[in-house]
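Chemist: Provided herewith is a single structure, encoded as structure tokens, for subsequent inquiry.
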Amino acid sequence: MSIKDNIQPLVELFDVRKCFGQTVALGGVNLSVARGEVVCVIGPSGCGKSTMLRTINWLEVPDSGKVVLDGQPIGIRIGQNGKVSPQASKDLNKTRSRMGMVFQQFNLWPHLSVLDNITRAQEIVLRIRKEDAKEIAYRLLKQVGLSDKTDALPDQLSGGQQQRVAIARALAMDPILMLMDEPTSALDPELVGDVLSVLQQLAEDGMTMIIVTHELGFAAKFADRILFMDRGLIVEDGPPQQLLQNPETDRLKFFLKQLGDMNLNIPGVM
Amino acid sequence: MDLDFQIILDWWPLILNGFKLTLVIVVGAILLGIPLGGLLAFGRQSRFKIISISATAFIELFRNTPFMIQVFLLFYVLPFYGIRIPANIVGIIGLALFGSVYYAEIIRAGIDAIPRGQLESARSIGMSHWQSMTNIVLPQTMRIILPPIGNQTLSLVKESSILSTITVQELTMSALIVQGQTFRPFEIFIVITLLYWGLNELIATGLRIYERRLERRSLSDPASA
């Protein structure tokens, strides 16, 4: 790693705005995430946290603003005269392949086996040989504790197992960034732990992650930073202790109180 | 009423030729109609207005007019513009066009039935739109659309009898000839009814076996879940 790599943020958002009809999902978001940072995003539903995550890999195209990954703008091309035009889809696909995305509903491909779910994009996007792709898949399945499920179909797995396969599928692309959209929200409570421990391992290995989550316990323990979003804006931004124990804004206080009322056993909070 | 099936034996070569032509026409209409239906389904969702409007208009026109009139237009009107196509070819093209709009609607509904997250997970991992469609969306669509595609194909077999009205000597036309020559409608129409039925039953059974194979390969076994 050169000095430049250490200084330059991995992800930057500049005044990103997005509306759905009359609804403002993002009202001008600015963000900078450093390499190796684990950032958890919290906030009430409809606050724009998922939308923000999805603009980073251009699944959601912002109305205005700029997203930069590793120094390169995403989704747009800036010509020599400064004119902005959409990025060639080939380049956008390449950029996307460097970011792993994990969805609330897993979105595994049900017609493919666990192994094929993990090897398919390696083969057709990265053009990795089938044998090598399989090797990578076996290693990752071992890492997420599912070595015995290579030939299973996604429907035969529990939610927690499916989500771990989805994480392995994303990791197989050797991403420089992981984007996670409520990775544990669709899981039965007893299955959340397995997924969180995989995330924990990733965090300890130094993976840069942006995680939209309701798991304040996980956020408190493993996030370097928590963002609190409300009404399309980042309202508070800071280390977990500061944010969760000394919230500055009434909105965050209210949000934490609500969560506290729902679930009294949030470790590390209050 | 006495049935005399001797006439069937006497006229068998003609009936058999008619049956073969029906087969050729239907197979041709399927081979042309399904790809055309796919094009129409994609065309309808094209972001280019001119393509989506043309595809929609085409589908609506063929879906909402009688097949017989479509065939008449192709067969009797085109020659006025100097386009002369043999009746058998008109038959294949007409049946393919008629079938394609239904195939298009089936394919579109099948694609729409795949949850949006499937395409999103494919795109987010770096697959192109085309790679996402061919690797992720369409294989899942296949399983959904196979039964309705089968039904539509059975109906094409039946509709093909309308081509007898434009001198295509398929199975129905052959029966009309036999009836005209022998003045015995009963035996011959019983026989071609059985032939149509047998053909469709054969297609339906083949599809059922194929469907079951697809299911066994792709659906989880409840006992092991």
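By convention here, the chains of the structure tokens are called A, B, ... in the order presented, each chain's residues are numbered starting at 1, and ligands are numbered starting at 1 in the order presented.
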Need the shell around Ile136 (chain A): protein/DNA/RNA residues with any atom at most 9 Å away, counting only C-alpha atoms. Skip same-chain ones fewer than 5 positions apart. Format as a PyMOL selection string?
Modeler: chain A and resi 118-119+131+141+172
Chemist: Deliver the residues from the most recent selection as a file, using N, CA and C atoms, as a PDB file, in the first residue's frame.
Modeler:
```pdb
ATOM      1  N   ILE A 118     -21.849 -19.434  -6.355  1.00  0.00           N
ATOM      2  CA  ILE A 118     -20.604 -18.753  -6.007  1.00  0.00           C
ATOM      3  C   ILE A 118     -19.634 -18.702  -7.192  1.00  0.00           C
ATOM      4  N   THR A 119     -19.721 -19.689  -8.097  1.00  0.00           N
ATOM      5  CA  THR A 119     -18.743 -19.716  -9.192  1.00  0.00           C
ATOM      6  C   THR A 119     -19.209 -18.956 -10.447  1.00  0.00           C
ATOM      7  N   GLU A 131     -12.259 -24.544 -12.636  1.00  0.00           N
ATOM      8  CA  GLU A 131     -11.588 -25.256 -11.545  1.00  0.00           C
ATOM      9  C   GLU A 131     -11.122 -24.293 -10.463  1.00  0.00           C
ATOM     10  N   LEU A 141     -16.745 -21.277   1.342  1.00  0.00           N
ATOM     11  CA  LEU A 141     -17.796 -22.017   2.044  1.00  0.00           C
ATOM     12  C   LEU A 141     -17.269 -22.543   3.374  1.00  0.00           C
ATOM     13  N   ALA A 172     -16.401 -13.985  -3.246  1.00  0.00           N
ATOM     14  CA  ALA A 172     -15.711 -14.707  -4.316  1.00  0.00           C
ATOM     15  C   ALA A 172     -15.189 -13.762  -5.388  1.00  0.00           C
TER      16      ALA A 172
END
```
Chemist: Residues of chain A within 8 Å of chain B, counting only C-alpha atoms - could you list those as a PyMOL selection string?
Modeler: chain A and resi 57+59+89-90+92-101+103+105+107-111+121+124-125+153+155-157+170+173
Chemist: Quick one: distance from CA of Ser100 (chain B) to CA of Gly33 (chain B) in Å, one decimal?
Modeler: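 Between CA of Ser100 (chain B) and CA of Gly33 (chain B) the gap works out to 4.4 Å.
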Chemist: Neighbours of Ile203 (chain B) within 10 Å (only C-alpha atoms; same-chain residues fewer than 2 positions away dropped), as a list in words?
Modeler: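 With the cut-off at 10 Å, the set is Gly150, Asn151, Thr153, Leu154, Val157, Trp197, Gly198, Leu199, Asn200, Glu201, Thr205, Gly206, Leu207 and Arg208 of chain B.
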Chemist: Counting only C-alpha atoms, which residue out of A:Ala133, A:Val102, A:Cys47, A:Val38 sits closest to Phe222 (chain A)?
Modeler: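 With only C-alpha atoms as the atom set, the closest residue is A:Val38.
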Chemist: Show me, as a PyMOL selection string, the residues that have an atom within 9 Å of Val101 (chain B) when counting only C-alpha atoms, minus same-chain residues fewer than 5 positions from it.
Modeler: chain B and resi 33+36-37+40-41+58-60+62-63+96+106
Chemist: Mind checking DSSP for region 3-187 of chain A and telling me the strand (DSSP E) residues as a PyMOL selection string?
Modeler: chain A and resi 11-20+23-33+38-42+64-69+72-73+76-78+84-86+99-102+177-181
Chemist: For those residues, write N, CA and C atoms to a file as a compact mmCIF listing (two decimals), in the first residue's frame.
Modeler:
```txt
# COMPACT_ATOMS: atom_id res chain seq x y z
N VAL A 11 -14.37 5.20 -0.36
CA VAL A 11 -15.67 5.62 -0.91
C VAL A 11 -15.93 7.06 -0.53
N GLU A 12 -16.39 7.83 -1.49
CA GLU A 12 -16.81 9.19 -1.18
C GLU A 12 -18.13 9.50 -1.87
N LEU A 13 -19.01 10.16 -1.13
CA LEU A 13 -20.26 10.66 -1.71
C LEU A 13 -20.26 12.17 -1.59
N PHE A 14 -20.57 12.83 -2.69
CA PHE A 14 -20.63 14.29 -2.69
C PHE A 14 -22.04 14.75 -3.04
N ASP A 15 -22.73 15.29 -2.06
CA ASP A 15 -24.04 15.92 -2.28
C ASP A 15 -24.96 15.03 -3.12
N VAL A 16 -25.09 13.77 -2.72
CA VAL A 16 -25.91 12.83 -3.49
C VAL A 16 -27.39 13.03 -3.17
N ARG A 17 -28.17 13.24 -4.21
CA ARG A 17 -29.60 13.47 -4.05
C ARG A 17 -30.39 12.47 -4.88
N LYS A 18 -31.52 12.06 -4.30
CA LYS A 18 -32.39 11.12 -5.04
C LYS A 18 -33.82 11.29 -4.57
N CYS A 19 -34.73 11.46 -5.53
CA CYS A 19 -36.15 11.55 -5.21
C CYS A 19 -36.88 10.39 -5.87
N PHE A 20 -37.89 9.88 -5.19
CA PHE A 20 -38.84 8.95 -5.82
C PHE A 20 -40.16 9.68 -5.92
N THR A 23 -41.26 12.03 -3.06
CA THR A 23 -40.55 11.70 -1.84
C THR A 23 -39.05 11.91 -2.00
N VAL A 24 -38.48 12.62 -1.06
CA VAL A 24 -37.03 12.82 -1.08
C VAL A 24 -36.38 11.67 -0.31
N ALA A 25 -35.67 10.80 -1.04
CA ALA A 25 -35.00 9.69 -0.37
C ALA A 25 -33.62 10.11 0.13
N LEU A 26 -32.91 10.87 -0.67
CA LEU A 26 -31.61 11.39 -0.26
C LEU A 26 -31.58 12.89 -0.56
N GLY A 27 -31.31 13.66 0.47
CA GLY A 27 -31.39 15.11 0.31
C GLY A 27 -30.03 15.79 0.30
N GLY A 28 -29.05 15.15 -0.32
CA GLY A 28 -27.72 15.75 -0.38
C GLY A 28 -26.80 15.14 0.65
N VAL A 29 -26.39 13.91 0.37
CA VAL A 29 -25.58 13.16 1.35
C VAL A 29 -24.09 13.30 1.01
N ASN A 30 -23.32 13.62 2.03
CA ASN A 30 -21.86 13.64 1.90
C ASN A 30 -21.28 12.60 2.84
N LEU A 31 -20.33 11.84 2.33
CA LEU A 31 -19.78 10.76 3.15
C LEU A 31 -18.39 10.41 2.65
N SER A 32 -17.55 10.03 3.57
CA SER A 32 -16.22 9.56 3.19
C SER A 32 -15.88 8.36 4.07
N VAL A 33 -15.56 7.25 3.44
CA VAL A 33 -15.25 6.03 4.19
C VAL A 33 -13.81 5.63 3.88
N VAL A 38 -15.27 -0.04 9.16
CA VAL A 38 -16.58 -0.70 9.21
C VAL A 38 -17.59 0.35 9.64
N VAL A 39 -18.51 0.66 8.72
CA VAL A 39 -19.48 1.72 8.98
C VAL A 39 -20.86 1.11 9.05
N CYS A 40 -21.55 1.31 10.18
CA CYS A 40 -22.94 0.85 10.26
C CYS A 40 -23.86 2.04 10.10
N VAL A 41 -24.93 1.82 9.33
CA VAL A 41 -25.89 2.89 9.09
C VAL A 41 -27.19 2.52 9.76
N ILE A 42 -27.67 3.38 10.64
CA ILE A 42 -28.94 3.13 11.32
C ILE A 42 -29.91 4.27 11.02
N SER A 64 -28.62 13.68 -8.65
CA SER A 64 -27.44 14.55 -8.78
C SER A 64 -26.43 14.15 -7.72
N GLY A 65 -25.24 14.72 -7.84
CA GLY A 65 -24.18 14.38 -6.90
C GLY A 65 -23.21 13.38 -7.51
N LYS A 66 -22.20 13.03 -6.73
CA LYS A 66 -21.15 12.18 -7.28
C LYS A 66 -20.78 11.09 -6.27
N VAL A 67 -20.54 9.90 -6.77
CA VAL A 67 -20.06 8.81 -5.93
C VAL A 67 -18.69 8.40 -6.47
N VAL A 68 -17.74 8.28 -5.57
CA VAL A 68 -16.37 7.96 -6.00
C VAL A 68 -15.89 6.72 -5.27
N LEU A 69 -15.41 5.75 -6.02
CA LEU A 69 -14.83 4.54 -5.41
C LEU A 69 -13.36 4.49 -5.78
N GLN A 72 -12.14 6.79 -8.41
CA GLN A 72 -12.81 6.81 -9.71
C GLN A 72 -14.31 7.08 -9.54
N PRO A 73 -14.85 8.06 -10.28
CA PRO A 73 -16.30 8.29 -10.18
C PRO A 73 -17.07 7.07 -10.70
N ILE A 76 -20.64 7.66 -13.92
CA ILE A 76 -20.54 8.79 -14.84
C ILE A 76 -19.14 8.86 -15.43
N ARG A 77 -19.05 9.52 -16.57
CA ARG A 77 -17.75 9.74 -17.18
C ARG A 77 -17.60 11.23 -17.36
N ILE A 78 -16.48 11.75 -16.93
CA ILE A 78 -16.27 13.18 -17.07
C ILE A 78 -15.33 13.40 -18.24
N VAL A 84 -20.33 15.85 -18.26
CA VAL A 84 -20.63 14.60 -17.59
C VAL A 84 -21.57 13.76 -18.44
N SER A 85 -21.19 12.50 -18.69
CA SER A 85 -22.07 11.60 -19.44
C SER A 85 -22.10 10.26 -18.71
N PRO A 86 -23.12 9.43 -18.98
CA PRO A 86 -23.17 8.13 -18.29
C PRO A 86 -21.96 7.26 -18.66
N MET A 99 -17.32 -4.44 -5.88
CA MET A 99 -18.07 -4.23 -4.64
C MET A 99 -19.01 -5.42 -4.43
N GLY A 100 -18.94 -6.03 -3.26
CA GLY A 100 -19.86 -7.12 -2.97
C GLY A 100 -21.11 -6.55 -2.34
N MET A 101 -22.28 -7.06 -2.77
CA MET A 101 -23.50 -6.57 -2.15
C MET A 101 -24.26 -7.73 -1.53
N VAL A 102 -24.74 -7.52 -0.32
CA VAL A 102 -25.52 -8.53 0.38
C VAL A 102 -26.89 -7.93 0.68
N LEU A 177 -14.76 -3.70 -1.24
CA LEU A 177 -15.78 -3.08 -0.39
C LEU A 177 -16.99 -4.00 -0.33
N MET A 178 -17.57 -4.11 0.86
CA MET A 178 -18.82 -4.88 0.98
C MET A 178 -19.95 -3.93 1.38
N LEU A 179 -21.04 -4.04 0.65
CA LEU A 179 -22.24 -3.26 0.96
C LEU A 179 -23.30 -4.23 1.47
N MET A 180 -23.85 -3.97 2.64
CA MET A 180 -24.82 -4.91 3.20
C MET A 180 -26.09 -4.18 3.58
N ASP A 181 -27.18 -4.65 3.00
CA ASP A 181 -28.47 -4.00 3.21
C ASP A 181 -29.31 -4.84 4.18
```
Chemist: As an MDAnalysis selection string, list the residues of region 19-155 of chain B assigned to alpha helix (DSSP H) by DSSP on the backbone atoms of this structure.
Modeler: chainID B and resid 19:44 49:63 67:72 87:112 116:124 129:132 138:155
Chemist: If I take CA of Ile7 (chain A) and CA of Ala34 (chain A), how far is one from the other in Å, to one decimal?
Modeler: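 Rounded to one decimal, the two atoms are 8.0 Å apart.
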Chemist: Tell me which protein, DNA and RNA residues are within 8 Å of region 254-261 of chain A, counting only C-alpha atoms, leaving out same-chain ones fewer than 6 positions away, and put them as a PDB file with C-alpha atoms, in the first residue's frame.
Modeler:
```pdb
ATOM      1  CA  GLY A  43     -32.154   5.082  11.137  1.00  0.00           C
ATOM      2  CA  PRO A  44     -35.920   4.752  10.945  1.00  0.00           C
ATOM      3  CA  LEU A 244     -25.224   5.377  21.158  1.00  0.00           C
TER       4      LEU A 244
END
```
Chemist: What gap, in Å, lies between CA of Val178 (chain B) and CA of Ile69 (chain B)?
Modeler: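 Interatomic distance, CA of Val178 (chain B) to CA of Ile69 (chain B): 25.7 Å.
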